[in-house]
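Data from start.cif: mmCIF, N, CA and C atoms
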```cif
data_structure
loop_
_atom_site.label_atom_id
_atom_site.label_comp_id
_atom_site.auth_asym_id
_atom_site.auth_seq_id
_atom_site.Cartn_x
_atom_site.Cartn_y
_atom_site.Cartn_z
N MET A 248 -8.77 7.36 7.64
CA MET A 248 -7.70 6.90 6.79
C MET A 248 -6.82 5.95 7.58
N PHE A 249 -6.20 5.02 6.84
CA PHE A 249 -5.41 3.98 7.46
C PHE A 249 -4.09 3.81 6.72
N LEU A 250 -3.09 3.24 7.43
CA LEU A 250 -1.81 2.89 6.80
C LEU A 250 -1.85 1.45 6.34
N GLY A 251 -1.21 1.17 5.21
CA GLY A 251 -1.12 -0.19 4.72
C GLY A 251 0.15 -0.38 3.92
N LYS A 252 0.52 -1.64 3.72
CA LYS A 252 1.67 -1.98 2.89
C LYS A 252 1.16 -2.81 1.73
N VAL A 253 1.52 -2.40 0.51
CA VAL A 253 1.10 -3.13 -0.68
C VAL A 253 1.90 -4.43 -0.73
N ILE A 254 1.17 -5.57 -0.72
CA ILE A 254 1.85 -6.86 -0.70
C ILE A 254 1.62 -7.67 -1.98
N GLY A 255 0.84 -7.14 -2.91
CA GLY A 255 0.62 -7.88 -4.15
C GLY A 255 -0.34 -7.20 -5.10
N ASN A 256 -0.39 -7.72 -6.31
CA ASN A 256 -1.30 -7.24 -7.36
C ASN A 256 -2.47 -8.20 -7.47
N ILE A 257 -3.61 -7.69 -7.87
CA ILE A 257 -4.79 -8.52 -8.13
C ILE A 257 -5.07 -8.44 -9.63
N VAL A 258 -5.15 -9.59 -10.27
CA VAL A 258 -5.46 -9.65 -11.69
C VAL A 258 -6.85 -10.27 -11.83
N SER A 259 -7.74 -9.58 -12.54
CA SER A 259 -9.10 -10.06 -12.71
C SER A 259 -9.56 -9.74 -14.13
N THR A 260 -9.95 -10.77 -14.86
CA THR A 260 -10.42 -10.56 -16.22
C THR A 260 -11.89 -10.19 -16.25
N ILE A 261 -12.63 -10.58 -15.23
CA ILE A 261 -14.04 -10.22 -15.13
C ILE A 261 -14.26 -9.53 -13.79
N LYS A 262 -14.79 -8.32 -13.83
CA LYS A 262 -15.04 -7.59 -12.59
C LYS A 262 -16.22 -6.64 -12.77
N HIS A 263 -16.71 -6.12 -11.68
CA HIS A 263 -17.83 -5.19 -11.71
C HIS A 263 -17.45 -3.96 -12.52
N LYS A 264 -18.41 -3.35 -13.18
CA LYS A 264 -18.14 -2.19 -14.05
C LYS A 264 -17.50 -1.03 -13.31
N ASP A 265 -17.79 -0.88 -12.02
CA ASP A 265 -17.19 0.22 -11.25
C ASP A 265 -15.70 0.03 -11.02
N PHE A 266 -15.19 -1.19 -11.20
CA PHE A 266 -13.77 -1.46 -11.04
C PHE A 266 -13.01 -1.39 -12.36
N ALA A 267 -13.71 -1.25 -13.46
CA ALA A 267 -13.08 -1.24 -14.78
C ALA A 267 -12.10 -0.08 -14.91
N GLY A 268 -10.92 -0.38 -15.41
CA GLY A 268 -9.91 0.65 -15.64
C GLY A 268 -9.06 0.99 -14.43
N PHE A 269 -9.34 0.37 -13.30
CA PHE A 269 -8.55 0.65 -12.09
C PHE A 269 -7.64 -0.51 -11.75
N LYS A 270 -6.45 -0.18 -11.25
CA LYS A 270 -5.52 -1.20 -10.77
C LYS A 270 -5.97 -1.63 -9.37
N LEU A 271 -5.99 -2.94 -9.14
CA LEU A 271 -6.37 -3.48 -7.84
C LEU A 271 -5.13 -4.05 -7.16
N LEU A 272 -4.93 -3.69 -5.88
CA LEU A 272 -3.75 -4.14 -5.14
C LEU A 272 -4.16 -4.79 -3.83
N LEU A 273 -3.37 -5.75 -3.38
CA LEU A 273 -3.58 -6.39 -2.09
C LEU A 273 -2.79 -5.60 -1.06
N VAL A 274 -3.48 -5.12 -0.03
CA VAL A 274 -2.87 -4.23 0.97
C VAL A 274 -3.00 -4.84 2.36
N GLN A 275 -1.88 -4.89 3.08
CA GLN A 275 -1.86 -5.36 4.47
C GLN A 275 -1.95 -4.14 5.38
N PRO A 276 -3.06 -3.98 6.14
CA PRO A 276 -3.12 -2.87 7.10
C PRO A 276 -2.00 -2.99 8.13
N ILE A 277 -1.36 -1.86 8.45
CA ILE A 277 -0.23 -1.88 9.39
C ILE A 277 -0.36 -0.78 10.43
N GLN A 278 0.34 -0.97 11.54
CA GLN A 278 0.52 0.06 12.56
C GLN A 278 1.63 1.00 12.09
N PRO A 279 1.80 2.16 12.72
CA PRO A 279 2.89 3.06 12.29
C PRO A 279 4.27 2.42 12.31
N ASP A 280 4.50 1.45 13.21
CA ASP A 280 5.81 0.80 13.27
C ASP A 280 5.99 -0.29 12.21
N GLY A 281 4.94 -0.54 11.40
CA GLY A 281 5.03 -1.50 10.32
C GLY A 281 4.46 -2.87 10.62
N THR A 282 3.99 -3.11 11.84
CA THR A 282 3.43 -4.42 12.17
C THR A 282 1.99 -4.53 11.67
N PRO A 283 1.62 -5.69 11.12
CA PRO A 283 0.24 -5.89 10.63
C PRO A 283 -0.77 -5.86 11.78
N TRP A 284 -2.00 -5.41 11.48
CA TRP A 284 -3.02 -5.40 12.53
C TRP A 284 -4.38 -5.92 12.07
N GLN A 285 -4.55 -6.23 10.82
CA GLN A 285 -5.80 -6.81 10.30
C GLN A 285 -5.47 -7.70 9.12
N ASP A 286 -6.47 -8.41 8.62
CA ASP A 286 -6.28 -9.21 7.41
C ASP A 286 -6.10 -8.30 6.19
N PRO A 287 -5.35 -8.76 5.19
CA PRO A 287 -5.17 -7.97 3.96
C PRO A 287 -6.51 -7.72 3.26
N LEU A 288 -6.58 -6.64 2.49
CA LEU A 288 -7.78 -6.31 1.73
C LEU A 288 -7.40 -5.87 0.33
N ILE A 289 -8.38 -5.91 -0.56
CA ILE A 289 -8.18 -5.48 -1.94
C ILE A 289 -8.57 -4.01 -2.05
N CYS A 290 -7.65 -3.20 -2.55
CA CYS A 290 -7.88 -1.76 -2.69
C CYS A 290 -7.79 -1.34 -4.15
N ILE A 291 -8.59 -0.35 -4.51
CA ILE A 291 -8.43 0.32 -5.80
C ILE A 291 -7.30 1.32 -5.64
N ASP A 292 -6.40 1.36 -6.61
CA ASP A 292 -5.25 2.26 -6.55
C ASP A 292 -5.47 3.43 -7.50
N ILE A 293 -5.52 4.65 -6.96
CA ILE A 293 -5.66 5.84 -7.81
C ILE A 293 -4.41 6.71 -7.82
N VAL A 294 -3.33 6.24 -7.14
CA VAL A 294 -2.11 7.04 -7.06
C VAL A 294 -0.90 6.34 -7.68
N ASP A 295 -1.12 5.20 -8.35
CA ASP A 295 -0.06 4.45 -9.02
C ASP A 295 1.02 3.97 -8.05
N SER A 296 0.59 3.39 -6.94
CA SER A 296 1.54 2.81 -5.99
C SER A 296 1.96 1.43 -6.48
N GLY A 297 2.94 0.86 -5.81
CA GLY A 297 3.43 -0.45 -6.23
C GLY A 297 3.74 -1.34 -5.06
N GLU A 298 4.05 -2.58 -5.37
CA GLU A 298 4.32 -3.58 -4.35
C GLU A 298 5.48 -3.15 -3.46
N GLY A 299 5.29 -3.31 -2.15
CA GLY A 299 6.32 -2.95 -1.18
C GLY A 299 6.17 -1.55 -0.62
N GLU A 300 5.35 -0.71 -1.23
CA GLU A 300 5.20 0.67 -0.76
C GLU A 300 4.21 0.75 0.40
N THR A 301 4.46 1.70 1.29
CA THR A 301 3.52 1.99 2.37
C THR A 301 2.57 3.06 1.85
N VAL A 302 1.28 2.81 2.03
CA VAL A 302 0.26 3.69 1.45
C VAL A 302 -0.74 4.14 2.51
N LEU A 303 -1.48 5.16 2.16
CA LEU A 303 -2.59 5.67 2.95
C LEU A 303 -3.86 5.31 2.18
N TYR A 304 -4.83 4.69 2.86
CA TYR A 304 -6.06 4.31 2.16
C TYR A 304 -7.28 4.68 2.99
N VAL A 305 -8.39 4.91 2.29
CA VAL A 305 -9.68 5.12 2.95
C VAL A 305 -10.45 3.82 2.81
N ASP A 306 -11.26 3.51 3.82
CA ASP A 306 -12.06 2.29 3.78
C ASP A 306 -13.48 2.65 4.19
N GLU A 307 -14.10 3.50 3.41
CA GLU A 307 -15.45 3.96 3.68
C GLU A 307 -16.12 4.18 2.34
N GLY A 308 -17.25 3.56 2.13
CA GLY A 308 -17.90 3.56 0.83
C GLY A 308 -18.19 4.92 0.23
N ASN A 309 -18.73 5.84 1.03
CA ASN A 309 -19.11 7.15 0.50
C ASN A 309 -17.88 7.92 0.02
N SER A 310 -16.81 7.91 0.82
CA SER A 310 -15.57 8.59 0.41
C SER A 310 -15.01 7.99 -0.86
N ALA A 311 -14.99 6.66 -0.93
CA ALA A 311 -14.46 5.97 -2.12
C ALA A 311 -15.27 6.33 -3.35
N ARG A 312 -16.59 6.31 -3.24
CA ARG A 312 -17.43 6.62 -4.40
C ARG A 312 -17.25 8.06 -4.86
N GLN A 313 -17.06 8.99 -3.92
CA GLN A 313 -16.82 10.39 -4.30
C GLN A 313 -15.48 10.53 -5.01
N LEU A 314 -14.44 9.85 -4.50
CA LEU A 314 -13.12 9.92 -5.14
C LEU A 314 -13.15 9.38 -6.56
N LEU A 315 -13.98 8.36 -6.80
CA LEU A 315 -14.02 7.70 -8.10
C LEU A 315 -15.17 8.19 -8.98
N ASN A 316 -15.93 9.17 -8.49
CA ASN A 316 -17.09 9.70 -9.22
C ASN A 316 -18.08 8.61 -9.61
N LEU A 317 -18.44 7.78 -8.65
CA LEU A 317 -19.37 6.68 -8.90
C LEU A 317 -20.76 7.02 -8.36
N GLU A 318 -21.73 6.23 -8.77
CA GLU A 318 -23.09 6.38 -8.28
C GLU A 318 -23.14 6.04 -6.79
N PRO A 319 -24.17 6.55 -6.08
CA PRO A 319 -24.25 6.33 -4.62
C PRO A 319 -24.32 4.87 -4.19
N ASN A 320 -24.68 3.95 -5.08
CA ASN A 320 -24.78 2.56 -4.67
C ASN A 320 -23.64 1.70 -5.21
N GLY A 321 -22.55 2.31 -5.66
CA GLY A 321 -21.41 1.55 -6.18
C GLY A 321 -20.77 0.69 -5.10
N PRO A 322 -20.35 -0.55 -5.45
CA PRO A 322 -19.80 -1.49 -4.48
C PRO A 322 -18.31 -1.29 -4.21
N VAL A 323 -17.93 -0.09 -3.79
CA VAL A 323 -16.51 0.22 -3.61
C VAL A 323 -16.29 0.71 -2.18
N ARG A 324 -15.22 0.23 -1.54
CA ARG A 324 -14.86 0.71 -0.20
C ARG A 324 -13.40 1.15 -0.12
N PRO A 325 -12.43 0.22 -0.07
CA PRO A 325 -11.05 0.67 0.14
C PRO A 325 -10.40 1.23 -1.12
N VAL A 326 -9.86 2.43 -0.99
CA VAL A 326 -9.17 3.11 -2.10
C VAL A 326 -7.86 3.69 -1.58
N ILE A 327 -6.77 3.41 -2.28
CA ILE A 327 -5.47 3.98 -1.93
C ILE A 327 -5.45 5.43 -2.39
N VAL A 328 -5.16 6.35 -1.45
CA VAL A 328 -5.20 7.78 -1.77
C VAL A 328 -3.85 8.47 -1.63
N GLY A 329 -2.82 7.75 -1.17
CA GLY A 329 -1.51 8.38 -1.04
C GLY A 329 -0.40 7.38 -0.80
N ILE A 330 0.81 7.78 -1.16
CA ILE A 330 2.01 6.99 -0.89
C ILE A 330 2.76 7.70 0.24
N VAL A 331 3.12 6.96 1.27
CA VAL A 331 3.70 7.54 2.48
C VAL A 331 5.21 7.66 2.34
N ASP A 332 5.74 8.86 2.63
CA ASP A 332 7.18 9.09 2.60
C ASP A 332 7.81 8.94 3.97
N GLU A 333 7.10 9.41 5.00
CA GLU A 333 7.64 9.36 6.37
C GLU A 333 6.49 9.26 7.36
N ILE A 334 6.72 8.52 8.44
CA ILE A 334 5.73 8.38 9.51
C ILE A 334 6.38 8.82 10.81
N GLN A 335 5.72 9.70 11.56
CA GLN A 335 6.18 10.12 12.87
C GLN A 335 5.03 9.90 13.85
N TRP A 336 5.34 9.33 15.03
CA TRP A 336 4.31 9.09 16.03
C TRP A 336 4.93 9.03 17.41
N GLN A 337 4.05 9.13 18.43
CA GLN A 337 4.46 8.97 19.82
C GLN A 337 3.76 7.74 20.38
N ASP A 338 4.49 6.93 21.12
CA ASP A 338 3.88 5.75 21.71
C ASP A 338 3.21 6.12 23.04
N SER A 339 2.68 5.13 23.74
CA SER A 339 1.94 5.37 24.97
C SER A 339 2.83 5.94 26.09
N ALA A 340 4.15 5.78 25.97
CA ALA A 340 5.07 6.33 26.95
C ALA A 340 5.61 7.69 26.51
N ASP A 341 4.97 8.33 25.53
CA ASP A 341 5.36 9.63 24.97
C ASP A 341 6.77 9.63 24.37
N VAL A 342 7.20 8.49 23.87
CA VAL A 342 8.48 8.41 23.17
C VAL A 342 8.21 8.63 21.68
N SER A 343 8.96 9.55 21.08
CA SER A 343 8.79 9.86 19.66
C SER A 343 9.51 8.83 18.80
N HIS A 344 8.86 8.47 17.69
CA HIS A 344 9.43 7.53 16.74
C HIS A 344 9.24 8.09 15.33
N ALA A 345 10.05 7.60 14.40
CA ALA A 345 9.90 7.99 13.00
C ALA A 345 10.44 6.86 12.12
N ARG A 346 9.81 6.68 10.96
CA ARG A 346 10.29 5.73 9.96
C ARG A 346 10.09 6.35 8.58
N MET A 347 10.92 5.92 7.66
CA MET A 347 10.80 6.36 6.27
C MET A 347 10.56 5.12 5.41
N PRO A 348 9.28 4.70 5.26
CA PRO A 348 8.97 3.47 4.53
C PRO A 348 9.47 3.46 3.09
N ALA A 349 9.43 4.61 2.41
CA ALA A 349 9.88 4.65 1.02
C ALA A 349 11.36 4.28 0.94
N HIS A 350 12.16 4.75 1.90
CA HIS A 350 13.59 4.42 1.94
C HIS A 350 13.78 2.94 2.23
N GLU A 351 12.95 2.36 3.11
CA GLU A 351 13.06 0.95 3.44
C GLU A 351 12.84 0.09 2.19
N VAL A 352 11.87 0.46 1.35
CA VAL A 352 11.61 -0.27 0.11
C VAL A 352 12.81 -0.18 -0.82
N PHE A 353 13.38 1.02 -0.96
CA PHE A 353 14.51 1.23 -1.85
C PHE A 353 15.70 0.39 -1.39
N VAL A 354 16.00 0.40 -0.10
CA VAL A 354 17.14 -0.35 0.43
C VAL A 354 16.92 -1.85 0.21
N THR A 355 15.71 -2.34 0.46
CA THR A 355 15.41 -3.75 0.27
C THR A 355 15.59 -4.16 -1.19
N LYS A 356 15.07 -3.36 -2.12
CA LYS A 356 15.20 -3.67 -3.55
C LYS A 356 16.66 -3.62 -3.99
N ALA A 357 17.42 -2.64 -3.48
CA ALA A 357 18.83 -2.52 -3.84
C ALA A 357 19.60 -3.74 -3.34
N ARG A 358 19.30 -4.20 -2.13
CA ARG A 358 19.99 -5.39 -1.60
C ARG A 358 19.63 -6.62 -2.42
N ALA A 359 18.36 -6.75 -2.80
CA ALA A 359 17.93 -7.90 -3.59
C ALA A 359 18.63 -7.90 -4.94
N ALA A 360 18.76 -6.74 -5.56
CA ALA A 360 19.44 -6.65 -6.85
C ALA A 360 20.91 -7.00 -6.70
N LYS A 361 21.54 -6.52 -5.64
CA LYS A 361 22.95 -6.81 -5.41
C LYS A 361 23.16 -8.30 -5.17
N ASP A 362 22.25 -8.93 -4.39
CA ASP A 362 22.37 -10.35 -4.10
C ASP A 362 22.16 -11.23 -5.32
N SER A 363 21.42 -10.74 -6.31
CA SER A 363 21.15 -11.55 -7.51
C SER A 363 22.23 -11.39 -8.58
N MET A 364 23.17 -10.47 -8.39
CA MET A 364 24.23 -10.25 -9.38
C MET A 364 25.24 -11.40 -9.31
N PRO A 365 25.75 -11.82 -10.49
CA PRO A 365 26.79 -12.86 -10.48
C PRO A 365 28.05 -12.35 -9.80
N ARG A 366 28.70 -13.22 -9.09
CA ARG A 366 29.91 -12.82 -8.37
C ARG A 366 31.13 -13.41 -9.08
N ALA A 367 32.19 -12.62 -9.08
CA ALA A 367 33.44 -13.08 -9.69
C ALA A 367 34.08 -14.15 -8.80
N ARG A 368 34.60 -15.17 -9.42
CA ARG A 368 35.27 -16.23 -8.65
C ARG A 368 36.75 -15.89 -8.50
N ALA A 369 37.26 -16.20 -7.33
CA ALA A 369 38.67 -15.98 -7.08
C ALA A 369 39.48 -17.07 -7.79
N LYS A 370 40.61 -16.69 -8.38
CA LYS A 370 41.45 -17.66 -9.09
C LYS A 370 42.63 -18.07 -8.26
#
```

Rewrite the coordinates I just gave you, this time as structure tokens.
Amino acid sequence: MFLGKVIGNIVSTIKHKDFAGFKLLLVQPIQPDGTPWQDPLICIDIVDSGEGETVLYVDEGNSARQLLNLEPNGPVRPVIVGIVDEIQWQDSADVSHARMPAHEVFVTKARAAKDSMPRARAK
């Protein structure tokens, strides 16, 4: 399993039958501290995650096919299996770290909403 950040939606009017009915999201693989470490990939979303959320995904065909109840030769690999609330880890110097990605998304959205509100002019 891997950590990723949802960075966009994928819209497709024509797709393989095994993808029918599933939401497709663009996910940036990340390290626990939030830094990217690979190119983004398209994931099937089975947990109703959204843009900006940190997620847990599997990137192995057999696991994905079992989760989606597909035939053994289905062309599916990355599937989002969870939304991350908190990450705790130790670095190479045995220093403990923690982040709450869900809170980071909420704070960012709240700031964006506040910044887009009209401001009263001083008279």

Practice task
Run the PyMOL selection byres (((chain A and resi 257 and name CA) around 9) and name CA) against the file shown and list the residues it catches, as a PyMOL selection string.
Solution key: chain A and resi 255-256+258-259+270-273+289

Step by step, work through what the PyMOL selection byres (((chain A and resi 288 and name CA) around 8) and name CA) selects in the shown file, and finish by giving those residues as a short mmCIF file (atom, residue, chain, number, x, y, z; two decimals) with N, CA and C atoms, keeping the file's coordinate frame.
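Everything below was put into expr22.cif:
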```
data_model
loop_
_atom_site.label_atom_id
_atom_site.label_comp_id
_atom_site.auth_asym_id
_atom_site.auth_seq_id
_atom_site.Cartn_x
_atom_site.Cartn_y
_atom_site.Cartn_z
N LEU A 273 -3.37 -5.75 -3.38
CA LEU A 273 -3.58 -6.39 -2.09
C LEU A 273 -2.79 -5.60 -1.06
N VAL A 274 -3.48 -5.12 -0.03
CA VAL A 274 -2.87 -4.23 0.97
C VAL A 274 -3.00 -4.84 2.36
N GLN A 275 -1.88 -4.89 3.08
CA GLN A 275 -1.86 -5.36 4.47
C GLN A 275 -1.95 -4.14 5.38
N PRO A 276 -3.06 -3.98 6.14
CA PRO A 276 -3.12 -2.87 7.10
C PRO A 276 -2.00 -2.99 8.13
N ASP A 286 -6.47 -8.41 8.62
CA ASP A 286 -6.28 -9.21 7.41
C ASP A 286 -6.10 -8.30 6.19
N PRO A 287 -5.35 -8.76 5.19
CA PRO A 287 -5.17 -7.97 3.96
C PRO A 287 -6.51 -7.72 3.26
N ILE A 289 -8.38 -5.91 -0.56
CA ILE A 289 -8.18 -5.48 -1.94
C ILE A 289 -8.57 -4.01 -2.05
N CYS A 290 -7.65 -3.20 -2.55
CA CYS A 290 -7.88 -1.76 -2.69
C CYS A 290 -7.79 -1.34 -4.15
N PRO A 325 -12.43 0.22 -0.07
CA PRO A 325 -11.05 0.67 0.14
C PRO A 325 -10.40 1.23 -1.12
#
```

Fill in the blank from the handout: Atom pair atom C of Ala345 (chain A) + atom N of Asp295 (chain A), distance 23.6 Å

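Taking only C-alpha atoms into account, Pro348 (chain A) lies nearest to A:Pro279 out of the set A:Gly268, A:Pro279, A:Gly308, A:Pro322.
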
Problem - Top pick for closest residue to Arg312 (chain A), considering A:Met347, A:Gly297, A:Gln337, A:Asp265 and counting only C-alpha atoms - result: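 Under the stated criterion, the closest residue is A:Asp265.
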
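Between CA of Gln285 (chain A) and CA of Lys264 (chain A) the separation is 27.7 Å.
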